[in-house]
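All remarks here apply to the structure that follows.
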Amino acid sequence: MTPAQLSRTVLHTVRRAVEADELCVAVPERVTVQTPPRPGCGDYATNVALQLARGRGEGAAARIAEVLRRRLVGTPGIAAVDIAGPGFLNITLDAHSHEQMVEGVLERGDRYGLGDGLAGVHSRFAPADEVRAALVLHVVKGLVEGCGGSVDVGPGGEVISVRAAGVDGRELLTRLGGDAARWALLRAAAHDLPDLDPAHLLAQREGNPLFRVRYAHALAKRSVGDAEGADDSALLGLLGDFPRTVEAAARHRAPDRLARHLVATADAFLPGTRRKRLAEATGVVLANGLRLLGISAPNRM
């Protein structure tokens with residue numbers, strides 16, 4: 001079960017509870033689920049009960065959460081649902097759901113992460129000359145189109161607003177090479193000045209996020225073992241959340257969201273040996289993400 005599927009499942013659960021007169025609330029258009037900020041809080045969390053309880057007084061969120069918890073526990077693919085804090089729902093998927101998600105990644109292959117979330121949406125961007133703005137424009141165009149939208153570039157279009165790199169493109173390529181230069185310009189948030197230090201970007205060590213992402217990809221491609229007992233929950237959540245991250249990066253014109261997701265995925269993968277199919281799925285996500293950023297994903301480092 002992917003995050004998108006789980007979101008629809010929770011939304012359907014709210015609707016069914018309303019139809020059964022267990023809840024008297026307005027059914028929202030969508031429900032957000034996200035990976036919990038720390039281990040031990042399930043695979044995904046949602047604050048839908050808190051949203052539905054707004055203006056209903058103290059304790060309303062907990063009561064709504066309990067109604068949804070009882071219904072969600074019986075849903076195929078969900079192993080457990082716990083209520084945390086004032087009304088957060090922490091959802092743990094069963095092993096079969098995890099296996100299905102991994103197999104779904106492998107089945108989609110180099111198309112995993114792409115979709116139709118922006119189908120019917122047309123975006124028009126203004127041309128960009130500054131090196132960083134031009135690169136972000138190029139990548140955002142690919143992200144929007146990869147999510148089913150259409151794009152053209154011309155006068156009067158939306159301006160890609162990023163902090164200028166303050167360096168000539170040719171000089172940057174000479175200093176860093178294509179992959180590191182693209183990473184530096186794309187990983188920084190739009191309002192931040194990118195780090196262009198070759199000592200940081202070209203270092204073949206763990207302190208370099210680009211190295212970790214590419215090293216994790218290479219390691220995933222070589223994985224042949226079947227690890228037992230490893231805690232894969234964080235990694236599974238990141239793999240499942242990849243398509244939504246790609247769409248968010250497209251909607252918000254923010255390739256840095258995708259870059260940060262790749263770093264988090266690599267960091268979740270690297271601490272230990274992983275099951276072969278899970279490692280293969282990780283390799284797919286890292287390769288696809290790097291490709292969307294225009295960065296190579298070598299099989300050996």
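Every chain in the structure tokens takes a letter, A first, then B, and so on in the order presented; its residues are numbered from 1, and the ligands are numbered from 1 following the presented order.
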request  = Using DSSP on the backbone coordinates, identify the residues of segment 16-258 of chain A assigned to alpha helix (DSSP H); present them as a PyMOL selection string.
outcome  = chain A and resi 16-19+48-52+60-73+95-108+131-146+169-176+178-187+198-201+209-222+233-251+255-258
Please provide the set of residues having any atom within 12 Å of Ala20 of chain A, restricted to only C-alpha atoms, with same-chain residues fewer than 6 positions apart removed, written as a PDB file with C-alpha atoms, in the first residue's frame.
ATOM      1  CA  THR A  13     -13.037   5.362   6.235  1.00  0.00           C
ATOM      2  CA  VAL A  14     -14.112   8.887   7.204  1.00  0.00           C
ATOM      3  CA  VAL A  67     -13.964   5.925  15.677  1.00  0.00           C
ATOM      4  CA  ARG A  71     -12.687   1.035  11.425  1.00  0.00           C
TER       5      ARG A  71
END
Proximity check segment 76-130 of chain A to segment 247-259 of chain A, 9 Å, nearest pairs one decimal Å, only C-alpha atoms, as a tab-separated table:
residue	atom	partner	partner_atom	distance
A:Gly113	CA	A:Glu247	CA	8.2
A:Leu114	CA	A:Glu247	CA	8.0
A:Gly115	CA	A:Glu247	CA	8.2
A:Gly117	CA	A:Glu247	CA	6.9
A:Leu118	CA	A:Glu247	CA	7.9
key: Which of segment 146-254 of chain A DSSP labels strand (DSSP E or B), written as a ChimeraX atom specification   = /A:150-153,158
Polymer residues at most 9 Å from Val102 of chain A, only C-alpha atoms, same-chain spacing of 2 or more positions, as a list in words = Ser97, His98, Glu99, Gln100, Gly104, Val105, Leu106, Glu107, Leu236, Leu239, Gly240, Arg277, Leu278, Glu280, Ala281 and Thr282 of chain A
message = What's the separation between atom CA of Arg132 of chain A and atom CA of Val285 of chain A, in Å to one decimal place?
response =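 Separating atom CA of Arg132 of chain A from atom CA of Val285 of chain A is a distance of 24.8 Å.
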Of the listed residues A:Ala203, A:Leu219, A:Ala133, A:Ala53, that which approaches Ala190 of chain A most closely, counting only C-alpha atoms = A:Ala133
query = Ala45 of chain A: which residues within 10 Å, counting only C-alpha atoms, same-chain residues fewer than 5 positions away excluded, as a list in words?
reply =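 Here the qualifying residues turn out to be Thr32, Val33, Gln34, Thr35, Pro36, Pro37, Val81, Asp82, Ile83, Ala84, Phe88, Leu89, Asn90, Ile91 and Thr92 of chain A.
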message = Measuring between only C-alpha atoms, which one of A:Val140, A:Ala188, A:Val246, A:Val284 shows the shortest distance to Asp116 of chain A?
response =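 Nearest candidate to Asp116 of chain A out of A:Val140, A:Ala188, A:Val246, A:Val284: A:Val246.
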ask   = Could you name the residues that touch Val263 of chain A at 9 Å or less, counting only C-alpha atoms, but leaving out those on the same chain fewer than 3 positions away, as a VMD selection string?
value = chain A and resid 209 to 210 212 to 213 258 to 260 266 to 268
Export, as an mmCIF file, in the first residue's frame, the selected residues with N, CA and C atoms.
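Below is the file result-v1.cif, written as the result:
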data_model
loop_
_atom_site.group_PDB
_atom_site.id
_atom_site.type_symbol
_atom_site.label_atom_id
_atom_site.label_comp_id
_atom_site.auth_asym_id
_atom_site.auth_seq_id
_atom_site.Cartn_x
_atom_site.Cartn_y
_atom_site.Cartn_z
ATOM 1 N N PRO A 209 26.689 14.624 0.734
ATOM 2 C CA PRO A 209 25.386 13.996 0.470
ATOM 3 C C PRO A 209 25.271 13.391 -0.928
ATOM 4 N N LEU A 210 25.831 14.047 -1.936
ATOM 5 C CA LEU A 210 25.767 13.490 -3.288
ATOM 6 C C LEU A 210 26.509 12.167 -3.351
ATOM 7 N N ARG A 212 26.878 10.059 -0.891
ATOM 8 C CA ARG A 212 26.075 9.056 -0.191
ATOM 9 C C ARG A 212 24.946 8.535 -1.072
ATOM 10 N N VAL A 213 24.292 9.445 -1.787
ATOM 11 C CA VAL A 213 23.191 9.022 -2.654
ATOM 12 C C VAL A 213 23.702 8.101 -3.755
ATOM 13 N N LEU A 258 13.084 17.021 -3.890
ATOM 14 C CA LEU A 258 13.467 15.725 -4.427
ATOM 15 C C LEU A 258 14.888 15.368 -3.996
ATOM 16 N N ALA A 259 15.804 16.325 -4.046
ATOM 17 C CA ALA A 259 17.184 16.071 -3.631
ATOM 18 C C ALA A 259 17.249 15.644 -2.174
ATOM 19 N N ARG A 260 16.507 16.327 -1.302
ATOM 20 C CA ARG A 260 16.509 15.971 0.114
ATOM 21 C C ARG A 260 15.910 14.584 0.337
ATOM 22 N N ALA A 266 18.896 7.414 0.901
ATOM 23 C CA ALA A 266 20.245 6.841 0.988
ATOM 24 C C ALA A 266 20.639 6.609 2.435
ATOM 25 N N ASP A 267 20.363 7.570 3.306
ATOM 26 C CA ASP A 267 20.742 7.448 4.708
ATOM 27 C C ASP A 267 19.965 6.338 5.401
ATOM 28 N N ALA A 268 18.708 6.103 4.989
ATOM 29 C CA ALA A 268 17.924 5.014 5.570
ATOM 30 C C ALA A 268 18.411 3.654 5.070
#
message = Need the shell around Ser223 of chain A: protein/DNA/RNA residues with any atom at most 12 Å away, counting only C-alpha atoms. Skip same-chain ones fewer than 6 positions apart. Format as a list in words?
response =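 Answer for this query is Ala216, His217, Phe269, Leu270, Gly272, Thr273, Arg274, Arg275, Lys276, Arg277, Leu278, Ala279, Glu280, Ala281, Thr282, Gly283 and Asn299 of chain A.
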